[in-house]
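Structure below is final.cif: mmCIF, N, CA and C atoms.
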```cif
data_protein
#
loop_
_atom_site.group_PDB
_atom_site.id
_atom_site.type_symbol
_atom_site.label_atom_id
_atom_site.label_comp_id
_atom_site.auth_asym_id
_atom_site.auth_seq_id
_atom_site.Cartn_x
_atom_site.Cartn_y
_atom_site.Cartn_z
ATOM 1 N N MET A 170 -21.065 -100.134 7.632
ATOM 2 C CA MET A 170 -20.874 -99.565 6.318
ATOM 3 C C MET A 170 -22.232 -99.360 5.658
ATOM 4 N N SER A 171 -22.436 -98.168 5.141
ATOM 5 C CA SER A 171 -23.659 -97.859 4.410
ATOM 6 C C SER A 171 -23.336 -97.699 2.940
ATOM 7 N N LYS A 172 -24.345 -97.958 2.102
ATOM 8 C CA LYS A 172 -24.176 -97.802 0.658
ATOM 9 C C LYS A 172 -25.126 -96.719 0.175
ATOM 10 N N TYR A 173 -24.609 -95.866 -0.696
ATOM 11 C CA TYR A 173 -25.372 -94.764 -1.246
ATOM 12 C C TYR A 173 -25.228 -94.772 -2.766
ATOM 13 N N SER A 174 -26.134 -94.105 -3.456
ATOM 14 C CA SER A 174 -26.013 -93.988 -4.905
ATOM 15 C C SER A 174 -26.444 -92.602 -5.346
ATOM 16 N N LEU A 175 -25.824 -92.148 -6.425
ATOM 17 C CA LEU A 175 -26.185 -90.885 -7.068
ATOM 18 C C LEU A 175 -26.399 -91.164 -8.546
ATOM 19 N N ASP A 176 -27.531 -90.739 -9.057
ATOM 20 C CA ASP A 176 -27.817 -90.869 -10.480
ATOM 21 C C ASP A 176 -27.474 -89.539 -11.142
ATOM 22 N N CYS A 177 -26.347 -89.518 -11.827
ATOM 23 C CA CYS A 177 -25.910 -88.303 -12.513
ATOM 24 C C CYS A 177 -26.007 -88.461 -14.027
ATOM 25 N N LEU A 178 -26.825 -89.405 -14.473
ATOM 26 C CA LEU A 178 -27.011 -89.608 -15.904
ATOM 27 C C LEU A 178 -27.630 -88.357 -16.527
ATOM 28 N N GLY A 179 -27.063 -87.920 -17.630
ATOM 29 C CA GLY A 179 -27.566 -86.736 -18.305
ATOM 30 C C GLY A 179 -27.018 -85.428 -17.760
ATOM 31 N N GLU A 180 -26.165 -85.496 -16.749
ATOM 32 C CA GLU A 180 -25.609 -84.279 -16.154
ATOM 33 C C GLU A 180 -24.183 -84.070 -16.648
ATOM 34 N N ALA A 181 -23.894 -82.863 -17.087
ATOM 35 C CA ALA A 181 -22.559 -82.518 -17.574
ATOM 36 C C ALA A 181 -21.725 -81.925 -16.446
ATOM 37 N N CYS A 182 -20.421 -81.994 -16.598
ATOM 38 C CA CYS A 182 -19.503 -81.408 -15.617
ATOM 39 C C CYS A 182 -19.752 -79.906 -15.530
ATOM 40 N N PRO A 183 -19.627 -79.365 -14.348
ATOM 41 C CA PRO A 183 -19.092 -79.964 -13.131
ATOM 42 C C PRO A 183 -20.154 -80.518 -12.183
ATOM 43 N N THR A 184 -21.406 -80.597 -12.621
ATOM 44 C CA THR A 184 -22.492 -81.007 -11.728
ATOM 45 C C THR A 184 -22.254 -82.351 -11.044
ATOM 46 N N PRO A 185 -21.876 -83.423 -11.755
ATOM 47 C CA PRO A 185 -21.656 -84.691 -11.053
ATOM 48 C C PRO A 185 -20.574 -84.590 -9.972
ATOM 49 N N LEU A 186 -19.491 -83.894 -10.275
ATOM 50 C CA LEU A 186 -18.407 -83.752 -9.301
ATOM 51 C C LEU A 186 -18.874 -82.990 -8.067
ATOM 52 N N ILE A 187 -19.622 -81.932 -8.261
ATOM 53 C CA ILE A 187 -20.134 -81.140 -7.132
ATOM 54 C C ILE A 187 -21.068 -81.985 -6.274
ATOM 55 N N ARG A 188 -21.931 -82.775 -6.915
ATOM 56 C CA ARG A 188 -22.846 -83.645 -6.168
ATOM 57 C C ARG A 188 -22.081 -84.711 -5.385
ATOM 58 N N VAL A 189 -21.049 -85.285 -6.005
ATOM 59 C CA VAL A 189 -20.239 -86.306 -5.330
ATOM 60 C C VAL A 189 -19.512 -85.695 -4.134
ATOM 61 N N GLN A 190 -18.921 -84.547 -4.316
ATOM 62 C CA GLN A 190 -18.206 -83.898 -3.210
ATOM 63 C C GLN A 190 -19.135 -83.645 -2.027
ATOM 64 N N GLY A 191 -20.342 -83.195 -2.309
ATOM 65 C CA GLY A 191 -21.309 -82.953 -1.233
ATOM 66 C C GLY A 191 -21.714 -84.227 -0.528
ATOM 67 N N LYS A 192 -21.971 -85.280 -1.286
ATOM 68 C CA LYS A 192 -22.408 -86.546 -0.688
ATOM 69 C C LYS A 192 -21.286 -87.173 0.123
ATOM 70 N N ILE A 193 -20.069 -87.183 -0.405
ATOM 71 C CA ILE A 193 -18.932 -87.767 0.317
ATOM 72 C C ILE A 193 -18.733 -87.057 1.657
ATOM 73 N N SER A 194 -18.931 -85.749 1.688
ATOM 74 C CA SER A 194 -18.734 -84.995 2.930
ATOM 75 C C SER A 194 -19.739 -85.401 4.006
ATOM 76 N N GLU A 195 -20.890 -85.953 3.616
ATOM 77 C CA GLU A 195 -21.918 -86.383 4.563
ATOM 78 C C GLU A 195 -21.713 -87.824 5.038
ATOM 79 N N MET A 196 -20.853 -88.578 4.340
ATOM 80 C CA MET A 196 -20.704 -90.011 4.603
ATOM 81 C C MET A 196 -19.673 -90.286 5.691
ATOM 82 N N GLU A 197 -19.739 -91.489 6.244
ATOM 83 C CA GLU A 197 -18.785 -91.949 7.245
ATOM 84 C C GLU A 197 -17.674 -92.753 6.564
ATOM 85 N N ILE A 198 -16.526 -92.851 7.211
ATOM 86 C CA ILE A 198 -15.430 -93.673 6.692
ATOM 87 C C ILE A 198 -15.921 -95.113 6.546
ATOM 88 N N GLY A 199 -15.624 -95.705 5.394
ATOM 89 C CA GLY A 199 -16.055 -97.067 5.101
ATOM 90 C C GLY A 199 -17.336 -97.141 4.285
ATOM 91 N N ASP A 200 -18.085 -96.036 4.221
ATOM 92 C CA ASP A 200 -19.293 -96.003 3.396
ATOM 93 C C ASP A 200 -18.910 -96.026 1.919
ATOM 94 N N VAL A 201 -19.818 -96.539 1.094
ATOM 95 C CA VAL A 201 -19.567 -96.670 -0.339
ATOM 96 C C VAL A 201 -20.621 -95.888 -1.122
ATOM 97 N N LEU A 202 -20.151 -95.138 -2.108
ATOM 98 C CA LEU A 202 -21.016 -94.354 -2.984
ATOM 99 C C LEU A 202 -20.861 -94.860 -4.410
ATOM 100 N N THR A 203 -21.984 -95.198 -5.051
ATOM 101 C CA THR A 203 -21.979 -95.582 -6.460
ATOM 102 C C THR A 203 -22.603 -94.436 -7.250
ATOM 103 N N VAL A 204 -21.835 -93.927 -8.212
ATOM 104 C CA VAL A 204 -22.269 -92.791 -9.016
ATOM 105 C C VAL A 204 -22.447 -93.252 -10.456
ATOM 106 N N SER A 205 -23.635 -93.055 -11.009
ATOM 107 C CA SER A 205 -23.907 -93.396 -12.407
ATOM 108 C C SER A 205 -23.711 -92.151 -13.256
ATOM 109 N N VAL A 206 -22.834 -92.267 -14.271
ATOM 110 C CA VAL A 206 -22.561 -91.133 -15.165
ATOM 111 C C VAL A 206 -22.598 -91.598 -16.615
ATOM 112 N N ASP A 207 -22.846 -90.636 -17.500
ATOM 113 C CA ASP A 207 -22.816 -90.952 -18.928
ATOM 114 C C ASP A 207 -22.094 -89.873 -19.734
ATOM 115 N N HIS A 208 -21.327 -89.061 -19.059
ATOM 116 C CA HIS A 208 -20.497 -88.067 -19.733
ATOM 117 C C HIS A 208 -19.041 -88.426 -19.483
ATOM 118 N N SER A 209 -18.251 -88.488 -20.552
ATOM 119 C CA SER A 209 -16.851 -88.895 -20.410
ATOM 120 C C SER A 209 -16.070 -87.939 -19.518
ATOM 121 N N CYS A 210 -16.452 -86.683 -19.501
ATOM 122 C CA CYS A 210 -15.793 -85.706 -18.629
ATOM 123 C C CYS A 210 -15.967 -86.096 -17.162
ATOM 124 N N ALA A 211 -17.181 -86.447 -16.778
ATOM 125 C CA ALA A 211 -17.452 -86.859 -15.394
ATOM 126 C C ALA A 211 -16.746 -88.178 -15.085
ATOM 127 N N MET A 212 -16.676 -89.068 -16.081
ATOM 128 C CA MET A 212 -16.030 -90.362 -15.876
ATOM 129 C C MET A 212 -14.536 -90.181 -15.612
ATOM 130 N N LYS A 213 -13.958 -89.091 -16.069
ATOM 131 C CA LYS A 213 -12.546 -88.808 -15.809
ATOM 132 C C LYS A 213 -12.368 -87.991 -14.537
ATOM 133 N N ASN A 214 -13.175 -86.941 -14.379
ATOM 134 C CA ASN A 214 -12.990 -86.005 -13.263
ATOM 135 C C ASN A 214 -13.373 -86.567 -11.903
ATOM 136 N N VAL A 215 -14.469 -87.308 -11.825
ATOM 137 C CA VAL A 215 -14.923 -87.818 -10.528
ATOM 138 C C VAL A 215 -13.930 -88.835 -9.947
ATOM 139 N N PRO A 216 -13.501 -89.848 -10.707
ATOM 140 C CA PRO A 216 -12.517 -90.787 -10.144
ATOM 141 C C PRO A 216 -11.189 -90.111 -9.791
ATOM 142 N N LYS A 217 -10.754 -89.162 -10.624
ATOM 143 C CA LYS A 217 -9.490 -88.468 -10.336
ATOM 144 C C LYS A 217 -9.599 -87.695 -9.030
ATOM 145 N N TRP A 218 -10.686 -86.966 -8.842
ATOM 146 C CA TRP A 218 -10.861 -86.204 -7.606
ATOM 147 C C TRP A 218 -10.875 -87.150 -6.406
ATOM 148 N N ALA A 219 -11.663 -88.222 -6.496
ATOM 149 C CA ALA A 219 -11.779 -89.157 -5.372
ATOM 150 C C ALA A 219 -10.438 -89.794 -5.046
ATOM 151 N N SER A 220 -9.705 -90.189 -6.067
ATOM 152 C CA SER A 220 -8.386 -90.786 -5.864
ATOM 153 C C SER A 220 -7.421 -89.769 -5.253
ATOM 154 N N ASP A 221 -7.430 -88.551 -5.760
ATOM 155 C CA ASP A 221 -6.568 -87.495 -5.216
ATOM 156 C C ASP A 221 -6.889 -87.202 -3.756
ATOM 157 N N GLU A 222 -8.154 -87.401 -3.366
ATOM 158 C CA GLU A 222 -8.569 -87.194 -1.972
ATOM 159 C C GLU A 222 -8.210 -88.385 -1.091
ATOM 160 N N GLY A 223 -7.740 -89.467 -1.700
ATOM 161 C CA GLY A 223 -7.301 -90.631 -0.938
ATOM 162 C C GLY A 223 -8.342 -91.725 -0.787
ATOM 163 N N HIS A 224 -9.457 -91.626 -1.496
ATOM 164 C CA HIS A 224 -10.503 -92.640 -1.414
ATOM 165 C C HIS A 224 -10.219 -93.778 -2.385
ATOM 166 N N LYS A 225 -10.798 -94.952 -2.112
ATOM 167 C CA LYS A 225 -10.685 -96.090 -3.021
ATOM 168 C C LYS A 225 -11.703 -95.907 -4.137
ATOM 169 N N VAL A 226 -11.264 -96.111 -5.380
ATOM 170 C CA VAL A 226 -12.125 -95.866 -6.536
ATOM 171 C C VAL A 226 -12.067 -97.038 -7.506
ATOM 172 N N LYS A 227 -13.230 -97.400 -8.027
ATOM 173 C CA LYS A 227 -13.334 -98.429 -9.055
ATOM 174 C C LYS A 227 -14.345 -97.932 -10.086
ATOM 175 N N VAL A 228 -14.030 -98.118 -11.365
ATOM 176 C CA VAL A 228 -14.939 -97.704 -12.433
ATOM 177 C C VAL A 228 -15.417 -98.950 -13.166
ATOM 178 N N GLU A 229 -16.725 -99.074 -13.297
ATOM 179 C CA GLU A 229 -17.323 -100.186 -14.035
ATOM 180 C C GLU A 229 -17.981 -99.653 -15.300
ATOM 181 N N ASP A 230 -17.701 -100.301 -16.423
ATOM 182 C CA ASP A 230 -18.344 -99.961 -17.696
ATOM 183 C C ASP A 230 -19.689 -100.676 -17.723
ATOM 184 N N VAL A 231 -20.774 -99.914 -17.604
ATOM 185 C CA VAL A 231 -22.115 -100.492 -17.522
ATOM 186 C C VAL A 231 -22.669 -100.782 -18.906
ATOM 187 N N ASP A 232 -22.563 -99.798 -19.773
ATOM 188 C CA ASP A 232 -23.125 -99.894 -21.114
ATOM 189 C C ASP A 232 -22.296 -98.969 -21.986
ATOM 190 N N ASN A 233 -22.559 -98.980 -23.249
ATOM 191 C CA ASN A 233 -21.833 -98.105 -24.156
ATOM 192 C C ASN A 233 -22.075 -96.651 -23.773
ATOM 193 N N GLY A 234 -21.081 -96.032 -23.146
ATOM 194 C CA GLY A 234 -21.214 -94.633 -22.750
ATOM 195 C C GLY A 234 -21.808 -94.404 -21.383
ATOM 196 N N GLU A 235 -21.983 -95.455 -20.589
ATOM 197 C CA GLU A 235 -22.452 -95.307 -19.206
ATOM 198 C C GLU A 235 -21.497 -96.037 -18.276
ATOM 199 N N TRP A 236 -21.206 -95.396 -17.140
ATOM 200 C CA TRP A 236 -20.279 -95.975 -16.173
ATOM 201 C C TRP A 236 -20.838 -95.839 -14.759
ATOM 202 N N ASN A 237 -20.428 -96.760 -13.895
ATOM 203 C CA ASN A 237 -20.636 -96.640 -12.466
ATOM 204 C C ASN A 237 -19.287 -96.381 -11.843
ATOM 205 N N ILE A 238 -19.204 -95.337 -11.056
ATOM 206 C CA ILE A 238 -17.993 -95.017 -10.316
ATOM 207 C C ILE A 238 -18.272 -95.361 -8.864
ATOM 208 N N ILE A 239 -17.491 -96.293 -8.325
ATOM 209 C CA ILE A 239 -17.710 -96.772 -6.967
ATOM 210 C C ILE A 239 -16.594 -96.196 -6.086
ATOM 211 N N ILE A 240 -16.999 -95.424 -5.098
ATOM 212 C CA ILE A 240 -16.054 -94.729 -4.232
ATOM 213 C C ILE A 240 -16.263 -95.183 -2.793
ATOM 214 N N GLU A 241 -15.197 -95.689 -2.180
ATOM 215 C CA GLU A 241 -15.236 -96.017 -0.754
ATOM 216 C C GLU A 241 -14.532 -94.905 -0.004
ATOM 217 N N LYS A 242 -15.245 -94.276 0.924
ATOM 218 C CA LYS A 242 -14.653 -93.182 1.705
ATOM 219 C C LYS A 242 -13.632 -93.775 2.668
ATOM 220 N N THR A 243 -12.413 -93.270 2.597
ATOM 221 C CA THR A 243 -11.345 -93.828 3.434
ATOM 222 C C THR A 243 -10.793 -92.851 4.450
ATOM 223 N N LYS A 244 -11.239 -91.601 4.383
ATOM 224 C CA LYS A 244 -10.774 -90.646 5.381
ATOM 225 C C LYS A 244 -11.787 -89.544 5.606
#
```
Please render this file's structure as structure tokens.
Amino acid sequence: MSKYSLDCLGEACPTPLIRVQGKISEMEIGDVLTVSVDHSCAMKNVPKWASDEGHKVKVEDVDNGEWNIIIEKTK
């Protein structure tokens, strides 16, 4: 299992989602991606997309208005 991270702080939708989709496509099953976001739109869209794709998703509240979205690739 490998761990990856994407810093999407300061990026508005759809940029974080597009970056996540590209990175997930390069990863192996079981790899984990941590995405840092600070836009509420990305905090909603990225986990929803990952969950809809069948990946495991966890959202951590890092600071007021900043979140880490942790995605484990499952397929």
Applied to this file, what does the PyMOL selection byres ((chain A and resi 180-183) around 8) return in terms of residues, put as a list of chain:residue names?
A:Asp176, A:Cys177, A:Leu178, A:Gly179, A:Thr184, A:Pro185, A:Leu186, A:Ile187, A:Arg188, A:Val189, A:Ser205, A:Val206, A:Asp207, A:His208, A:Ser209, A:Cys210, A:Ala211
Can you list, as a PDB file with N, CA and C atoms, in the coordinates of the input, every protein, DNA or RNA residue that comes within 6 Å of A:Val201 when you count only N, CA and C atoms, leaving out same-chain residues fewer than 5 positions away?
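Written output follows (out07.pdb):
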```
ATOM      1  N   MET A 170     -21.065-100.134   7.632  1.00  0.00           N
ATOM      2  CA  MET A 170     -20.874 -99.565   6.318  1.00  0.00           C
ATOM      3  C   MET A 170     -22.232 -99.360   5.658  1.00  0.00           C
ATOM      4  N   SER A 171     -22.436 -98.168   5.141  1.00  0.00           N
ATOM      5  CA  SER A 171     -23.659 -97.859   4.410  1.00  0.00           C
ATOM      6  C   SER A 171     -23.336 -97.699   2.940  1.00  0.00           C
ATOM      7  N   LYS A 172     -24.345 -97.958   2.102  1.00  0.00           N
ATOM      8  CA  LYS A 172     -24.176 -97.802   0.658  1.00  0.00           C
ATOM      9  C   LYS A 172     -25.126 -96.719   0.175  1.00  0.00           C
ATOM     10  N   TYR A 173     -24.609 -95.866  -0.696  1.00  0.00           N
ATOM     11  CA  TYR A 173     -25.372 -94.764  -1.246  1.00  0.00           C
ATOM     12  C   TYR A 173     -25.228 -94.772  -2.766  1.00  0.00           C
ATOM     13  N   ILE A 240     -16.999 -95.424  -5.098  1.00  0.00           N
ATOM     14  CA  ILE A 240     -16.054 -94.729  -4.232  1.00  0.00           C
ATOM     15  C   ILE A 240     -16.263 -95.183  -2.793  1.00  0.00           C
ATOM     16  N   GLU A 241     -15.197 -95.689  -2.180  1.00  0.00           N
ATOM     17  CA  GLU A 241     -15.236 -96.017  -0.754  1.00  0.00           C
ATOM     18  C   GLU A 241     -14.532 -94.905  -0.004  1.00  0.00           C
ATOM     19  N   LYS A 242     -15.245 -94.276   0.924  1.00  0.00           N
ATOM     20  CA  LYS A 242     -14.653 -93.182   1.705  1.00  0.00           C
ATOM     21  C   LYS A 242     -13.632 -93.775   2.668  1.00  0.00           C
TER      22      LYS A 242
END
```
Do you know which residues are at most 7 Å from A:Ile239 counting only C-alpha atoms, after dropping those on the same chain fewer than 3 positions away, and could you put them as a list in words?
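Once the nearby chain positions are removed, what remains is Val201, Leu202, Thr203, Val204, Val226, Lys227 and Val228 of chain A.
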Atom-to-atom span, atom CA of A:Lys225 and atom N of A:Ile238, Å:
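For atom CA of A:Lys225 relative to atom N of A:Ile238, the distance reads 11.7 Å.
The two atoms in question, atom CA of A:Asp232 and atom CA of A:Ser220, are spaced 23.1 Å apart.
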Pick the closest to A:Gly223 from A:Glu197, A:Ser174, A:Asn237, A:Lys244: which is it, counting all atoms listed in the file?
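Looking at the shortest contact to A:Gly223, the residue is A:Lys244.
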Measure the distance from atom CA of A:Glu229 to atom CA of A:Met212 in Å and round it to one decimal.
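Computed distance, atom CA of A:Glu229 to atom CA of A:Met212, equals 10.1 Å.
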So which bits of chain A end up helix (DSSP H, G or I) when you DSSP the backbone, as a list in words?
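Going through chain A, the helix (DSSP H, G or I) residues come out as Thr184, Pro185, Leu186, Ile187, Arg188, Val189, Gln190, Gly191, Lys192, Ile193, Ser194, Glu195, Ser209, Cys210, Ala211, Met212, Lys213, Asn214, Val215, Pro216, Lys217, Trp218, Ala219, Ser220 and Asp221 of chain A.
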Atoms kept (N, CA and C atoms) for selection, written as a PDB file, keeping the file's coordinate frame:
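To be explicit, this is the file written out as again.pdb:
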```
ATOM      1  N   THR A 184     -21.406 -80.597 -12.621  1.00  0.00           N
ATOM      2  CA  THR A 184     -22.492 -81.007 -11.728  1.00  0.00           C
ATOM      3  C   THR A 184     -22.254 -82.351 -11.044  1.00  0.00           C
ATOM      4  N   PRO A 185     -21.876 -83.423 -11.755  1.00  0.00           N
ATOM      5  CA  PRO A 185     -21.656 -84.691 -11.053  1.00  0.00           C
ATOM      6  C   PRO A 185     -20.574 -84.590  -9.972  1.00  0.00           C
ATOM      7  N   LEU A 186     -19.491 -83.894 -10.275  1.00  0.00           N
ATOM      8  CA  LEU A 186     -18.407 -83.752  -9.301  1.00  0.00           C
ATOM      9  C   LEU A 186     -18.874 -82.990  -8.067  1.00  0.00           C
ATOM     10  N   ILE A 187     -19.622 -81.932  -8.261  1.00  0.00           N
ATOM     11  CA  ILE A 187     -20.134 -81.140  -7.132  1.00  0.00           C
ATOM     12  C   ILE A 187     -21.068 -81.985  -6.274  1.00  0.00           C
ATOM     13  N   ARG A 188     -21.931 -82.775  -6.915  1.00  0.00           N
ATOM     14  CA  ARG A 188     -22.846 -83.645  -6.168  1.00  0.00           C
ATOM     15  C   ARG A 188     -22.081 -84.711  -5.385  1.00  0.00           C
ATOM     16  N   VAL A 189     -21.049 -85.285  -6.005  1.00  0.00           N
ATOM     17  CA  VAL A 189     -20.239 -86.306  -5.330  1.00  0.00           C
ATOM     18  C   VAL A 189     -19.512 -85.695  -4.134  1.00  0.00           C
ATOM     19  N   GLN A 190     -18.921 -84.547  -4.316  1.00  0.00           N
ATOM     20  CA  GLN A 190     -18.206 -83.898  -3.210  1.00  0.00           C
ATOM     21  C   GLN A 190     -19.135 -83.645  -2.027  1.00  0.00           C
ATOM     22  N   GLY A 191     -20.342 -83.195  -2.309  1.00  0.00           N
ATOM     23  CA  GLY A 191     -21.309 -82.953  -1.233  1.00  0.00           C
ATOM     24  C   GLY A 191     -21.714 -84.227  -0.528  1.00  0.00           C
ATOM     25  N   LYS A 192     -21.971 -85.280  -1.286  1.00  0.00           N
ATOM     26  CA  LYS A 192     -22.408 -86.546  -0.688  1.00  0.00           C
ATOM     27  C   LYS A 192     -21.286 -87.173   0.123  1.00  0.00           C
ATOM     28  N   ILE A 193     -20.069 -87.183  -0.405  1.00  0.00           N
ATOM     29  CA  ILE A 193     -18.932 -87.767   0.317  1.00  0.00           C
ATOM     30  C   ILE A 193     -18.733 -87.057   1.657  1.00  0.00           C
ATOM     31  N   SER A 194     -18.931 -85.749   1.688  1.00  0.00           N
ATOM     32  CA  SER A 194     -18.734 -84.995   2.930  1.00  0.00           C
ATOM     33  C   SER A 194     -19.739 -85.401   4.006  1.00  0.00           C
ATOM     34  N   GLU A 195     -20.890 -85.953   3.616  1.00  0.00           N
ATOM     35  CA  GLU A 195     -21.918 -86.383   4.563  1.00  0.00           C
ATOM     36  C   GLU A 195     -21.713 -87.824   5.038  1.00  0.00           C
ATOM     37  N   SER A 209     -18.251 -88.488 -20.552  1.00  0.00           N
ATOM     38  CA  SER A 209     -16.851 -88.895 -20.410  1.00  0.00           C
ATOM     39  C   SER A 209     -16.070 -87.939 -19.518  1.00  0.00           C
ATOM     40  N   CYS A 210     -16.452 -86.683 -19.501  1.00  0.00           N
ATOM     41  CA  CYS A 210     -15.793 -85.706 -18.629  1.00  0.00           C
ATOM     42  C   CYS A 210     -15.967 -86.096 -17.162  1.00  0.00           C
ATOM     43  N   ALA A 211     -17.181 -86.447 -16.778  1.00  0.00           N
ATOM     44  CA  ALA A 211     -17.452 -86.859 -15.394  1.00  0.00           C
ATOM     45  C   ALA A 211     -16.746 -88.178 -15.085  1.00  0.00           C
ATOM     46  N   MET A 212     -16.676 -89.068 -16.081  1.00  0.00           N
ATOM     47  CA  MET A 212     -16.030 -90.362 -15.876  1.00  0.00           C
ATOM     48  C   MET A 212     -14.536 -90.181 -15.612  1.00  0.00           C
ATOM     49  N   LYS A 213     -13.958 -89.091 -16.069  1.00  0.00           N
ATOM     50  CA  LYS A 213     -12.546 -88.808 -15.809  1.00  0.00           C
ATOM     51  C   LYS A 213     -12.368 -87.991 -14.537  1.00  0.00           C
ATOM     52  N   ASN A 214     -13.175 -86.941 -14.379  1.00  0.00           N
ATOM     53  CA  ASN A 214     -12.990 -86.005 -13.263  1.00  0.00           C
ATOM     54  C   ASN A 214     -13.373 -86.567 -11.903  1.00  0.00           C
ATOM     55  N   VAL A 215     -14.469 -87.308 -11.825  1.00  0.00           N
ATOM     56  CA  VAL A 215     -14.923 -87.818 -10.528  1.00  0.00           C
ATOM     57  C   VAL A 215     -13.930 -88.835  -9.947  1.00  0.00           C
ATOM     58  N   PRO A 216     -13.501 -89.848 -10.707  1.00  0.00           N
ATOM     59  CA  PRO A 216     -12.517 -90.787 -10.144  1.00  0.00           C
ATOM     60  C   PRO A 216     -11.189 -90.111  -9.791  1.00  0.00           C
ATOM     61  N   LYS A 217     -10.754 -89.162 -10.624  1.00  0.00           N
ATOM     62  CA  LYS A 217      -9.490 -88.468 -10.336  1.00  0.00           C
ATOM     63  C   LYS A 217      -9.599 -87.695  -9.030  1.00  0.00           C
ATOM     64  N   TRP A 218     -10.686 -86.966  -8.842  1.00  0.00           N
ATOM     65  CA  TRP A 218     -10.861 -86.204  -7.606  1.00  0.00           C
ATOM     66  C   TRP A 218     -10.875 -87.150  -6.406  1.00  0.00           C
ATOM     67  N   ALA A 219     -11.663 -88.222  -6.496  1.00  0.00           N
ATOM     68  CA  ALA A 219     -11.779 -89.157  -5.372  1.00  0.00           C
ATOM     69  C   ALA A 219     -10.438 -89.794  -5.046  1.00  0.00           C
ATOM     70  N   SER A 220      -9.705 -90.189  -6.067  1.00  0.00           N
ATOM     71  CA  SER A 220      -8.386 -90.786  -5.864  1.00  0.00           C
ATOM     72  C   SER A 220      -7.421 -89.769  -5.253  1.00  0.00           C
ATOM     73  N   ASP A 221      -7.430 -88.551  -5.760  1.00  0.00           N
ATOM     74  CA  ASP A 221      -6.568 -87.495  -5.216  1.00  0.00           C
ATOM     75  C   ASP A 221      -6.889 -87.202  -3.756  1.00  0.00           C
TER      76      ASP A 221
END
```
Assign secondary structure with DSSP using the backbone only, and return the residues of chain A in strand (DSSP E or B) as JSON, numbers by chain.
{"A": [172, 173, 174, 175, 176, 201, 202, 203, 204, 205, 206, 225, 226, 227, 228, 229, 230, 231, 232, 235, 236, 237, 238, 239, 240, 241]}
